[in-house]
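Engineer: This is target_2.txt, which holds compact mmCIF, C-alpha atoms:
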```txt
# COMPACT_ATOMS: atom_id res chain seq x y z
CA MET A 2 0.00 0.00 0.00
CA THR A 3 1.48 3.39 -0.91
CA VAL A 4 -1.25 5.81 0.18
CA ALA A 5 -2.39 6.44 3.77
CA SER A 6 -5.97 7.46 4.55
CA ASN A 7 -5.14 11.14 5.09
CA PRO A 8 -1.52 11.90 4.16
CA VAL A 9 -2.20 15.62 3.80
CA GLU A 10 -2.87 15.89 7.54
CA LEU A 11 0.18 13.83 8.48
CA ALA A 12 2.62 15.83 6.34
CA PRO A 13 2.60 19.09 8.41
CA LEU A 14 3.29 17.06 11.57
CA ALA A 15 6.23 15.38 9.86
CA PHE A 16 7.58 18.74 8.61
CA SER A 17 7.40 20.30 12.08
CA TYR A 18 9.08 17.28 13.67
CA LEU A 19 11.86 17.22 11.09
CA GLU A 20 12.64 20.89 11.60
CA ARG A 21 13.25 20.22 15.32
CA GLN A 22 15.94 17.61 14.64
CA VAL A 23 19.63 18.56 14.95
CA TRP A 24 20.64 16.26 12.09
CA TYR A 25 18.10 17.90 9.79
CA GLN A 26 19.28 21.40 10.65
CA THR A 27 22.88 20.33 10.05
CA ALA A 28 21.97 18.84 6.67
CA ILE A 29 20.29 22.00 5.34
CA GLU A 30 22.40 24.74 6.95
CA SER A 31 24.22 25.54 3.70
CA ALA A 32 21.35 24.65 1.36
CA PRO A 33 19.29 27.25 -0.53
CA PRO A 34 16.00 28.21 1.13
CA GLY A 35 13.01 26.11 0.18
CA PRO A 36 9.95 24.31 1.55
CA LEU A 37 9.72 20.74 2.73
CA GLU A 38 7.52 18.50 0.63
CA LEU A 39 5.98 15.09 1.09
CA ILE A 40 7.11 12.89 -1.80
CA SER A 41 5.49 9.59 -0.81
CA ILE A 42 4.05 7.54 2.04
CA ASP A 43 4.45 3.79 2.22
CA VAL A 44 2.23 2.19 4.88
CA LEU A 45 4.10 -0.83 6.23
CA ARG A 46 1.47 -1.74 8.82
CA SER A 47 -2.06 -0.35 8.75
CA ALA A 48 -3.36 -2.08 11.92
CA ARG A 49 -2.59 -0.36 15.20
CA PRO A 50 0.09 0.24 16.14
CA GLY A 51 0.52 1.58 12.63
CA LEU A 52 3.80 2.06 10.82
CA ALA A 53 4.57 4.12 7.73
CA ARG A 54 7.65 5.26 5.86
CA LEU A 55 7.62 8.87 4.70
CA LEU A 56 9.93 10.13 1.96
CA LEU A 57 10.37 13.88 2.40
CA GLY A 58 12.26 16.36 0.27
CA ARG A 59 13.76 19.83 0.55
CA GLY A 60 15.49 20.90 -2.64
CA GLU A 61 17.97 18.16 -3.55
CA HIS A 62 17.89 16.64 -0.05
CA ARG A 63 15.84 13.54 0.70
CA PHE A 64 14.86 12.37 4.17
CA GLN A 65 13.31 9.20 5.54
CA LEU A 66 10.99 9.41 8.54
CA LEU A 67 9.44 6.29 10.05
CA VAL A 68 6.15 7.21 11.71
CA GLY A 69 4.11 5.14 14.15
CA TRP A 70 0.69 5.79 15.61
CA ARG A 71 -1.34 4.54 18.57
CA THR A 72 -4.22 5.73 20.71
CA PRO A 73 -3.27 8.54 23.11
CA ALA A 74 -3.73 6.19 26.08
CA GLU A 75 -1.12 3.79 24.72
CA VAL A 76 1.50 6.32 23.65
CA ALA A 77 2.59 7.44 27.12
CA GLY A 78 3.46 3.89 28.14
CA VAL A 79 5.25 3.20 24.88
CA LEU A 80 7.43 6.31 24.77
CA ARG A 81 8.42 6.15 28.46
CA GLY A 82 10.08 9.54 28.75
CA ARG A 83 10.84 9.90 25.03
CA GLU A 84 8.11 12.48 24.49
CA SER A 85 10.38 14.42 22.15
CA ALA A 86 9.53 11.70 19.60
CA LEU A 87 5.93 12.92 19.34
CA LEU A 88 4.70 14.37 16.06
CA GLY A 89 1.17 15.21 17.20
CA PRO A 90 -2.51 14.20 16.91
CA TRP A 91 -3.68 12.51 13.73
CA ALA A 92 -6.51 10.19 12.66
CA ASP A 93 -6.29 6.81 10.97
CA ASP A 94 -9.26 4.89 9.54
CA GLU A 95 -10.40 3.92 13.06
CA GLY A 96 -10.26 7.31 14.77
CA SER A 97 -7.97 9.62 16.74
CA VAL A 98 -4.36 8.64 17.33
CA LEU A 99 -1.05 10.23 18.24
CA ALA A 100 1.71 10.02 15.64
CA TYR A 101 5.33 9.72 16.69
CA ASP A 102 8.79 8.73 15.49
CA ALA A 103 8.48 4.95 15.20
CA ILE A 104 12.13 4.39 16.21
CA ALA A 105 11.02 5.18 19.79
CA ASP A 106 8.61 2.19 19.84
CA ASP A 107 10.11 -1.24 20.62
CA GLU A 108 7.25 -3.16 19.02
CA LEU A 109 7.48 -1.18 15.79
CA ASP A 110 11.28 -1.51 15.71
CA ILE A 111 10.87 -5.29 15.83
CA GLU A 112 8.21 -5.06 13.12
CA LEU A 113 10.63 -2.98 11.04
CA LEU A 114 13.38 -5.61 11.42
CA ALA A 115 11.00 -8.26 10.06
CA HIS A 116 10.11 -6.01 7.14
CA VAL A 117 13.73 -5.16 6.25
CA THR A 118 14.79 -8.83 6.40
CA GLY A 119 11.78 -10.11 4.47
CA GLY A 120 10.55 -11.95 7.56
CA SER A 121 13.73 -14.01 7.96
CA GLU A 122 14.71 -12.33 11.23
CA ARG A 123 12.63 -11.85 14.36
CA ALA A 124 13.65 -10.42 17.72
CA SER A 125 12.25 -10.20 21.23
CA ARG A 126 14.29 -7.23 22.50
CA VAL A 127 15.63 -4.00 21.04
CA ARG A 128 17.76 -1.17 22.33
CA ARG A 129 18.53 2.14 20.72
CA VAL A 130 22.07 3.47 20.37
CA SER A 131 22.11 7.21 20.97
CA THR A 132 23.37 9.17 17.97
CA LEU A 133 22.99 12.60 16.39
CA VAL A 134 24.32 11.53 12.99
CA SER A 135 22.27 10.85 9.89
CA HIS A 136 21.00 7.43 10.89
CA ALA A 137 19.22 5.74 13.79
CA SER A 138 20.99 2.71 15.28
CA LEU A 139 19.19 -0.29 16.78
CA VAL A 140 20.50 -3.48 18.39
CA PHE A 141 18.22 -6.54 18.41
CA ASP A 142 18.70 -9.37 20.93
CA GLU A 143 22.40 -8.34 21.15
CA ARG A 144 23.02 -10.19 17.88
CA LEU A 145 21.81 -7.91 15.06
CA PHE A 146 22.62 -4.25 14.39
CA MET A 147 20.46 -2.10 12.12
CA LYS A 148 21.09 1.35 10.74
CA CYS A 149 17.99 3.20 9.54
CA TYR A 150 19.15 6.06 7.35
CA ARG A 151 17.52 9.44 7.93
CA LEU A 152 19.36 11.60 5.41
CA LEU A 153 19.22 9.65 2.16
CA GLU A 154 21.85 9.66 -0.58
CA HIS A 155 21.30 9.66 -4.31
CA GLY A 156 22.75 6.48 -5.79
CA ALA A 157 24.45 3.78 -3.75
CA ARG A 158 25.32 4.65 -0.17
CA PRO A 159 29.10 4.10 0.22
CA GLU A 160 28.72 2.06 3.41
CA VAL A 161 26.20 -0.32 1.85
CA GLU A 162 28.11 -0.61 -1.40
CA VAL A 163 31.44 -1.39 0.26
CA VAL A 164 30.06 -3.89 2.79
CA LEU A 165 28.11 -5.84 0.17
CA ARG A 166 30.99 -5.92 -2.30
CA LEU A 167 33.55 -6.95 0.30
CA ASP A 168 31.24 -9.72 1.44
CA ALA A 169 30.82 -10.82 -2.19
CA VAL A 170 34.60 -11.17 -2.72
CA GLY A 171 34.96 -13.19 0.48
CA PHE A 172 36.45 -10.63 2.88
CA ASN A 173 35.15 -11.82 6.24
CA ALA A 174 36.92 -9.47 8.68
CA LEU A 175 33.78 -7.38 9.02
CA LEU A 176 30.36 -7.53 10.62
CA ALA A 177 28.61 -9.60 7.99
CA PRO A 178 25.60 -8.06 6.22
CA VAL A 179 22.29 -9.78 6.95
CA ALA A 180 19.81 -7.67 4.98
CA HIS A 181 19.61 -4.49 2.93
CA TRP A 182 16.50 -2.34 2.41
CA ARG A 183 16.34 -0.26 -0.75
CA GLU A 184 13.26 1.47 -2.21
CA ASP A 185 12.65 4.27 -4.70
CA GLY A 186 16.33 4.33 -5.63
CA TYR A 187 17.53 4.98 -2.04
CA ASP A 188 19.32 2.82 0.52
CA LEU A 189 17.02 2.94 3.56
CA ALA A 190 18.49 0.48 6.07
CA LEU A 191 21.28 -2.05 6.58
CA VAL A 192 21.20 -4.99 9.00
CA ARG A 193 24.48 -6.58 10.08
CA GLU A 194 25.80 -8.97 12.66
CA PHE A 195 26.39 -7.59 16.15
CA LEU A 196 29.15 -8.96 18.39
CA PRO A 197 28.77 -7.59 21.93
CA SER A 198 32.09 -9.11 23.01
CA ALA A 199 34.12 -7.26 20.34
CA LEU A 200 36.34 -4.50 21.75
CA GLU A 201 37.03 -1.23 20.00
CA GLY A 202 40.67 -0.83 19.00
CA ARG A 203 40.97 2.49 20.81
CA LEU A 204 39.93 0.92 24.11
CA LEU A 205 42.53 -1.83 23.70
CA ALA A 206 45.17 0.78 22.96
CA LEU A 207 44.28 2.88 25.99
CA THR A 208 44.35 -0.19 28.24
CA SER A 209 47.81 -1.07 26.94
CA LEU A 210 49.04 2.49 27.50
CA ARG A 211 47.63 2.74 31.01
CA ASP A 212 49.39 -0.47 31.95
CA LEU A 213 52.65 0.82 30.50
CA LEU A 214 52.42 4.35 31.89
CA ALA A 215 51.83 2.96 35.36
CA HIS A 216 55.56 2.23 35.11
CA ALA A 217 56.20 5.96 35.00
CA SER A 218 55.46 6.46 38.70
CA GLU A 219 57.12 3.13 39.57
CA GLY A 220 60.21 4.14 37.59
CA ASP A 221 60.38 7.49 39.34
CA GLU A 222 60.25 5.71 42.69
CA ARG A 223 63.00 3.29 41.62
CA SER A 224 65.29 6.14 40.54
CA GLY A 225 64.49 8.37 43.48
CA GLU A 226 62.54 10.91 41.44
CA GLY A 227 59.46 12.58 42.78
CA PRO A 228 59.03 15.04 45.64
CA GLY A 229 62.36 15.94 47.21
CA HIS A 230 64.45 14.28 44.48
CA GLU A 231 67.42 16.36 43.39
CA GLY A 232 69.01 14.05 40.80
CA ASP A 233 68.59 13.95 37.07
CA GLY A 234 68.50 10.17 36.53
CA PRO A 235 65.73 8.81 34.31
CA GLY A 236 62.93 6.82 35.83
CA VAL A 237 63.12 4.29 32.99
CA ASP A 238 66.53 3.41 31.54
CA ASP A 239 65.25 1.73 28.34
CA PRO A 240 61.73 2.76 27.29
CA ASP A 241 61.73 0.35 24.33
CA ALA A 242 62.54 -2.60 26.59
CA GLU A 243 59.88 -1.48 29.05
CA CYS A 244 57.32 -1.47 26.22
CA ALA A 245 58.30 -4.96 25.09
CA SER A 246 58.08 -6.41 28.60
CA ALA A 247 54.91 -4.65 29.75
CA GLY A 248 51.99 -6.94 30.53
CA GLY A 249 49.68 -5.04 28.21
CA ASP A 250 52.04 -5.01 25.23
CA LEU A 251 49.93 -4.59 22.10
CA ALA A 252 52.53 -5.16 19.39
CA SER A 253 51.40 -8.66 18.42
CA GLU A 254 47.82 -7.44 18.05
CA MET A 255 48.92 -4.46 15.97
CA ARG A 256 50.86 -6.82 13.72
CA ARG A 257 47.67 -8.84 13.23
CA LEU A 258 45.76 -5.62 12.54
CA GLY A 259 48.32 -4.76 9.87
CA GLY A 260 47.68 -8.12 8.20
CA THR A 261 43.91 -7.57 8.35
CA THR A 262 44.38 -4.12 6.80
CA ALA A 263 46.41 -5.58 3.95
CA ARG A 264 43.71 -8.15 3.26
CA LEU A 265 41.14 -5.35 3.35
CA HIS A 266 43.06 -3.42 0.70
CA LEU A 267 43.45 -6.49 -1.50
CA ALA A 268 39.72 -7.15 -1.17
CA LEU A 269 38.90 -3.53 -2.02
CA ALA A 270 41.11 -3.83 -5.09
CA ALA A 271 39.28 -7.02 -6.09
CA ALA A 272 35.85 -5.51 -5.45
CA PHE A 273 36.36 -2.09 -7.07
CA GLY A 274 39.46 -2.52 -9.21
CA ASP A 275 42.85 -0.81 -8.93
CA ARG A 276 44.50 1.79 -11.15
CA PRO A 277 48.01 3.18 -11.62
CA ALA A 278 48.99 5.89 -9.14
CA GLY A 279 50.71 9.06 -10.26
CA PRO A 280 52.07 12.29 -8.77
CA SER A 281 48.57 13.68 -8.18
CA THR A 282 47.85 10.67 -5.95
CA PHE A 283 50.31 12.08 -3.43
CA ALA A 284 49.26 15.73 -3.65
CA ASP A 285 48.24 15.93 0.02
CA ALA A 286 51.55 14.47 1.13
CA GLU A 287 53.48 16.84 -1.15
CA ALA A 288 51.51 19.87 0.07
CA ALA A 289 52.14 18.91 3.69
CA VAL A 290 55.88 18.59 3.32
CA THR A 291 56.07 21.72 1.14
CA ALA A 292 54.43 23.64 3.99
CA GLY A 293 57.03 22.21 6.38
CA SER A 294 60.45 23.64 7.00
CA GLY A 295 63.99 22.36 6.77
CA GLU A 296 66.20 20.77 4.14
CA ALA A 297 64.75 17.29 4.64
CA MET A 298 61.26 18.58 3.91
CA GLY A 299 62.43 20.26 0.72
CA GLN A 300 64.08 17.07 -0.49
CA LEU A 301 60.94 15.04 0.25
CA ALA A 302 58.74 17.52 -1.61
CA SER A 303 61.02 17.33 -4.66
CA ARG A 304 61.01 13.54 -4.65
CA LEU A 305 57.23 13.38 -4.32
CA ALA A 306 56.77 15.79 -7.22
CA ALA A 307 59.08 13.70 -9.42
CA ILE A 308 57.59 10.28 -8.74
CA ASN A 309 56.64 8.49 -11.97
CA ALA A 310 53.55 6.38 -12.57
CA PRO A 311 55.17 2.94 -13.09
CA ALA A 312 56.91 3.20 -9.70
CA ALA A 313 54.05 4.80 -7.78
CA GLY A 314 52.00 1.72 -6.96
CA ARG A 315 48.23 1.53 -7.36
CA THR A 316 45.15 3.43 -6.26
CA ILE A 317 42.22 1.59 -4.74
CA ARG A 318 38.89 2.36 -3.13
CA LEU A 319 39.96 3.45 0.35
CA HIS A 320 38.38 2.93 3.72
CA GLY A 321 38.86 6.67 4.00
CA ASP A 322 38.48 7.11 7.77
CA TYR A 323 40.71 4.38 9.11
CA HIS A 324 41.54 4.72 12.78
CA LEU A 325 41.29 2.86 16.08
CA ARG A 326 37.57 3.53 16.51
CA ARG A 327 36.95 1.83 13.16
CA VAL A 328 38.43 -1.53 14.11
CA MET A 329 37.33 -4.07 16.71
CA ARG A 330 39.03 -7.10 18.22
CA SER A 331 36.73 -10.12 18.36
CA GLU A 332 37.33 -13.67 19.49
CA THR A 333 38.19 -14.62 15.92
CA GLY A 334 40.42 -11.65 15.08
CA TRP A 335 40.22 -8.03 13.99
CA LEU A 336 37.07 -6.67 12.34
CA VAL A 337 36.82 -3.52 10.22
CA ALA A 338 33.83 -1.18 10.43
CA GLY A 339 32.89 2.45 9.73
CA PHE A 340 33.12 2.44 5.93
CA SER A 341 30.72 5.34 5.46
CA ASP A 342 31.38 9.05 5.25
CA ASP A 343 28.39 10.50 7.05
CA PRO A 344 26.56 12.74 4.54
CA LEU A 345 26.11 15.35 7.25
CA TYR A 346 29.84 15.98 7.27
CA ALA A 347 31.11 14.79 3.89
CA VAL A 348 31.36 16.69 0.62
CA ALA A 349 28.82 15.32 -1.84
CA ARG A 350 28.79 15.41 -5.62
CA ALA A 351 26.55 17.88 -7.45
CA ASP A 352 23.77 15.27 -7.58
CA GLY A 353 23.88 14.84 -3.80
CA SER A 354 25.67 11.47 -3.83
CA LEU A 355 28.85 10.74 -1.90
CA PRO A 356 31.92 9.80 -3.90
CA GLY A 357 33.77 6.62 -3.01
CA ARG A 358 37.27 7.79 -2.15
CA ARG A 359 40.13 6.39 -4.20
CA GLY A 360 43.80 6.85 -3.46
CA SER A 361 47.00 5.21 -2.39
CA PRO A 362 46.65 2.54 0.31
CA LEU A 363 49.27 4.58 2.16
CA GLU A 364 46.52 7.05 3.06
CA ASP A 365 44.70 4.45 5.18
CA LEU A 366 48.03 3.41 6.73
CA ALA A 367 48.79 7.03 7.57
CA ASP A 368 45.36 7.38 9.19
CA MET A 369 46.06 4.43 11.49
CA CYS A 370 49.63 5.50 12.30
CA PHE A 371 48.35 8.96 13.18
CA ALA A 372 45.60 7.40 15.32
CA ILE A 373 48.24 5.47 17.24
CA ARG A 374 50.10 8.73 17.86
CA ARG A 375 46.97 10.55 19.00
CA VAL A 376 45.91 7.85 21.46
CA ALA A 377 49.43 7.91 22.94
CA GLY A 378 49.08 11.66 23.41
CA GLU A 379 45.64 11.22 24.94
CA ALA A 380 46.90 8.72 27.50
CA LEU A 381 49.94 10.85 28.28
CA ALA A 382 47.75 13.88 28.97
CA GLN A 383 46.02 11.93 31.76
CA ARG A 384 49.24 11.41 33.71
CA PRO A 385 50.34 13.84 36.45
CA GLU A 386 52.84 16.52 35.48
CA SER A 387 55.40 15.05 37.87
CA GLU A 388 55.63 12.00 35.58
CA ALA A 389 55.86 13.96 32.35
CA ASP A 390 59.46 13.07 31.45
CA THR A 391 59.33 9.33 32.09
CA ALA A 392 55.77 8.92 30.83
CA GLY A 393 56.59 10.92 27.72
CA ARG A 394 59.49 8.66 26.80
CA LEU A 395 57.40 5.56 27.44
CA ALA A 396 54.51 6.88 25.33
CA ALA A 397 56.90 7.71 22.48
CA ALA A 398 58.38 4.22 22.65
CA TRP A 399 54.86 2.68 22.68
CA GLU A 400 53.96 4.74 19.60
CA ARG A 401 57.10 3.64 17.70
CA ARG A 402 56.67 0.00 18.65
CA ASN A 403 53.03 -0.26 17.65
CA GLN A 404 53.32 1.74 14.45
CA ALA A 405 56.23 -0.50 13.41
CA ALA A 406 54.30 -3.67 14.27
CA PHE A 407 51.24 -2.50 12.35
CA LEU A 408 53.28 -1.66 9.24
CA GLU A 409 55.26 -4.90 9.47
CA GLY A 410 52.05 -6.93 9.59
CA TYR A 411 50.83 -5.03 6.54
CA VAL A 412 53.86 -5.25 4.22
CA THR A 413 54.57 -8.92 4.99
CA THR A 414 51.10 -9.99 3.83
CA ASP A 415 51.25 -11.91 0.55
CA GLY A 416 50.33 -9.85 -2.50
CA VAL A 417 49.97 -6.43 -0.91
CA ARG A 418 53.31 -4.99 -2.06
CA ARG A 419 52.00 -4.67 -5.62
CA LEU A 420 49.70 -1.88 -4.38
CA LEU A 421 52.61 0.15 -2.97
CA PRO A 422 55.40 2.17 -4.62
CA ARG A 423 58.24 -0.10 -5.76
CA ASP A 424 60.93 1.60 -3.69
CA PRO A 425 60.49 0.85 0.05
CA ALA A 426 62.34 4.08 0.88
CA MET A 427 59.89 6.06 -1.25
CA THR A 428 57.00 4.25 0.40
CA GLU A 429 58.31 5.35 3.79
CA LEU A 430 58.74 8.94 2.62
CA ILE A 431 55.23 9.13 1.18
CA LEU A 432 53.76 7.60 4.32
CA SER A 433 55.57 10.25 6.37
CA GLY A 434 54.11 12.94 4.12
CA PHE A 435 50.57 11.66 4.55
CA GLU A 436 51.05 11.44 8.33
CA LEU A 437 52.31 15.02 8.35
CA ALA A 438 49.25 16.09 6.36
CA ARG A 439 47.04 14.56 9.01
CA GLU A 440 48.99 16.25 11.79
CA GLN A 441 48.59 19.62 10.07
CA ARG A 442 44.88 19.02 9.53
CA TYR A 443 44.43 18.05 13.19
CA GLU A 444 46.27 21.13 14.42
CA ALA A 445 44.23 23.40 12.15
CA THR A 446 40.99 21.84 13.37
CA SER A 447 42.06 22.11 17.01
CA ALA A 448 42.97 25.76 16.53
CA ASP A 449 39.53 26.50 15.06
CA ALA A 450 37.70 24.69 17.87
```
Is it possible to express this structure as structure tokens?
Structural biologist:
Amino acid sequence: MTVASNPVELAPLAFSYLERQVWYQTAIESAPPGPLELISIDVLRSARPGLARLLLGRGEHRFQLLVGWRTPAEVAGVLRGRESALLGPWADDEGSVLAYDAIADDELDIELLAHVTGGSERASRVRRVSTLVSHASLVFDERLFMKCYRLLEHGARPEVEVVLRLDAVGFNALLAPVAHWREDGYDLALVREFLPSALEGRLLALTSLRDLLAHASEGDERSGEGPGHEGDGPGVDDPDAECASAGGDLASEMRRLGGTTARLHLALAAAFGDRPAGPSTFADAEAAVTAGSGEAMGQLASRLAAINAPAAGRTIRLHGDYHLRRVMRSETGWLVAGFSDDPLYAVARADGSLPGRRGSPLEDLADMCFAIRRVAGEALAQRPESEADTAGRLAAAWERRNQAAFLEGYVTTDGVRRLLPRDPAMTELILSGFELAREQRYEATSADA
């Protein structure tokens, strides 16, 4: 059924609700002025509690709103403090009802899961994951994870496209897709596995660092540093050895993550193809080192500008946002997630679609190496100032050790070297340039904040 009994009366409620949402305001803040319009209504369940999918438009933007309705007496018990989800009074074929954002209703969420999966999946429990980005996130029975997209994209949504293609070429280091909902030319929802025991890479890294940096105060005590100490002896004689012997050493896991990353890049090349790289591939790295100072920077900029295509490696579809929050350690190994640029914050094409980013695999490697550096800085900032010297040397050693392990795991994976520049020294220089570009971008963003 594609027409509700009185869509004209429901539309103003949907418009008013949409205009109150932060994600909607973010989406249109730079768009030309224009009215919201109701493009279509698809009634998924006509019996109470009712469920409908509304496709709304404002200029080139398209929005999905899932609307539920019940009698006023039922709504209070269903929303349970989520009154901000209310749209307002309406009337279905049976009489007066209150309409509301269906994502706030457990029963309708479970009904939606059945619809998206064609009836192959049922659930008894659901919980919502709080988010202000352009999708709503739901976890069913702690085994399935569904994203319902609010801000729709013209063409294939990058996240959906990448996940489905990687699954098709046999890359299994991801949360496997279970179902995909697409209507009217838009990706509306994606259901994937959910592994509650998987740990985010950033949390593992911080745990490792906290264990290691606990040696800072112990080292100061061993060397006599601390209050009343007048000597200059270091609290830790060999930071690299301390890192290797620490109980929370992460190097072996980072080596495995490097191998998983290499397999990801090979799978992306298989799924989307690879092309020859050229000087323009490394423009960001060249610009970063050109903006730097010193003779070494000048030499690197010259070498980057002169790199020739046959020696430059390949370009592939990139992850594009590859850091420690985008990887998880499960019982079976590392998993990769977060393939999507959120359309609220990404630059779209003229037709409103998001481009799939292509570039050198070294860009993803630089993202992860920079993430390792940032998490080391984050952990260091939590230590007392009295430990700054010892903790700083330990954090620097941890950063070196884990970056090296990650890159070793990557380059020693069979087949991946064909994607990289032929000269290992050039590979290292380009990687340094991309890391520097990320450092400069981070500093500029921090200065603007």
Engineer: Using all atoms listed in the file, which of the listed residues (A:Asp285, A:Asp212, A:Glu409, A:Asp275) sits closest to A:Ala380?
Structural biologist: A:Asp212
Engineer: Would you give me, as CSV, each residue of stretch 84-147 of chain A having an atom within 9 Å of an atom of stretch 174-192 of chain A, along with its shortest atom pair and that distance in Å to one decimal, using only C-alpha atoms and sorting by chain and residue number?
Structural biologist:
```
residue,atom,partner,partner_atom,distance
A:Leu114,CA,A:Val192,CA,8.2
A:His116,CA,A:Trp182,CA,8.8
A:Val117,CA,A:Trp182,CA,5.5
A:Thr118,CA,A:Ala180,CA,5.3
A:Gly119,CA,A:Ala180,CA,8.4
A:His136,CA,A:Ala190,CA,8.8
A:Leu145,CA,A:Val192,CA,6.8
A:Phe146,CA,A:Val192,CA,5.6
A:Met147,CA,A:Val192,CA,4.3
```
Engineer: Report, in Å to a single decimal, how far apart atom CA of A:Gly96 and atom CA of A:Ala74 are.
Structural biologist: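 Calculated distance between atom CA of A:Ala74 and atom CA of A:Gly96 is 13.1 Å.
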Engineer: Find the residue from A:Ser361, A:Ser131, A:Ser17, A:Ser253 that sits nearest to A:Gly314; use only C-alpha atoms when measuring.
Structural biologist: A:Ser361
Engineer: Provide the atom CA of A:Arg71 to atom CA of A:Pro13 distance in Å, to one decimal place.
Structural biologist: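 Answer for the atom CA of A:Arg71 to atom CA of A:Pro13 separation: 18.2 Å.
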Engineer: What does the distance between atom CA of A:Val98 and atom CA of A:Ala12 come to in Å, to one decimal place?
Structural biologist: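 Computing it gives 14.9 Å between the two atoms.
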Engineer: In file coordinates, which residues lie within 10 Å of (55.3, 3.2, 21.0) using all atoms listed in the file, given as a CSV table (one decimal) with C-alpha atoms, keeping the file's coordinate frame?
Structural biologist:
```csv
chain,number,residue,atom,x,y,z
A,210,LEU,CA,49.0,2.5,27.5
A,240,PRO,CA,61.7,2.8,27.3
A,241,ASP,CA,61.7,0.4,24.3
A,244,CYS,CA,57.3,-1.5,26.2
A,245,ALA,CA,58.3,-5.0,25.1
A,250,ASP,CA,52.0,-5.0,25.2
A,251,LEU,CA,49.9,-4.6,22.1
A,252,ALA,CA,52.5,-5.2,19.4
A,373,ILE,CA,48.2,5.5,17.2
A,374,ARG,CA,50.1,8.7,17.9
A,377,ALA,CA,49.4,7.9,22.9
A,394,ARG,CA,59.5,8.7,26.8
A,395,LEU,CA,57.4,5.6,27.4
A,396,ALA,CA,54.5,6.9,25.3
A,397,ALA,CA,56.9,7.7,22.5
A,398,ALA,CA,58.4,4.2,22.6
A,399,TRP,CA,54.9,2.7,22.7
A,400,GLU,CA,54.0,4.7,19.6
A,401,ARG,CA,57.1,3.6,17.7
A,402,ARG,CA,56.7,0.0,18.6
A,403,ASN,CA,53.0,-0.3,17.6
A,404,GLN,CA,53.3,1.7,14.4
A,405,ALA,CA,56.2,-0.5,13.4
A,406,ALA,CA,54.3,-3.7,14.3
```
Engineer: Would you list the contacts of A:Leu52 as a PyMOL selection string, taking every protein, DNA or RNA residue within 9 Å and counting only C-alpha atoms, but skipping same-chain residues closer than 2 positions in sequence?
Structural biologist: chain A and resi 43-50+54+67-70+103+109+112-113
Engineer: So for stretch 31-45 of chain A, what box centre and size do we get, axis-aligned, 5 Å extra on each of the six sides, every listed atom, Å to one decimal, as lines of an AutoDock Vina configuration file?
Structural biologist:
```
center_x = 13.2
center_y = 13.7
center_z = 2.2
size_x = 32.0
size_y = 39.0
size_z = 18.0
```
Engineer: I need the residue nearest A:Val164 from this list: A:Leu207, A:Leu420, A:Ala338, A:Val328. Use all atoms listed in the file for the distance.
Structural biologist: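 Answer, going by the shortest atom-to-atom distance: A:Ala338.
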Engineer: Which residues are close to stretch 196-202 of chain A, i.e. within 12 Å by all atoms listed in the file, leaving aside same-chain residues fewer than 6 positions away? Reply as a PyMOL selection string.
Structural biologist: chain A and resi 140-146+175-177+208-209+251+254-255+258+323-339+369+372-373+376
Engineer: When you count all atoms listed in the file, which of these residues is closest to A:Thr316: A:Gly248, A:Gly360, A:Pro280, A:Pro344?
Structural biologist: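 Residue with the minimum atom-to-atom distance to A:Thr316: A:Gly360.
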Engineer: Residues within 7 Å of (19.3, 13.4, 7.2), file coordinates, counting only C-alpha atoms: what are they? Give the list as number ranges by chain.
Structural biologist: A: 24-25, 28, 64, 135, 151-153
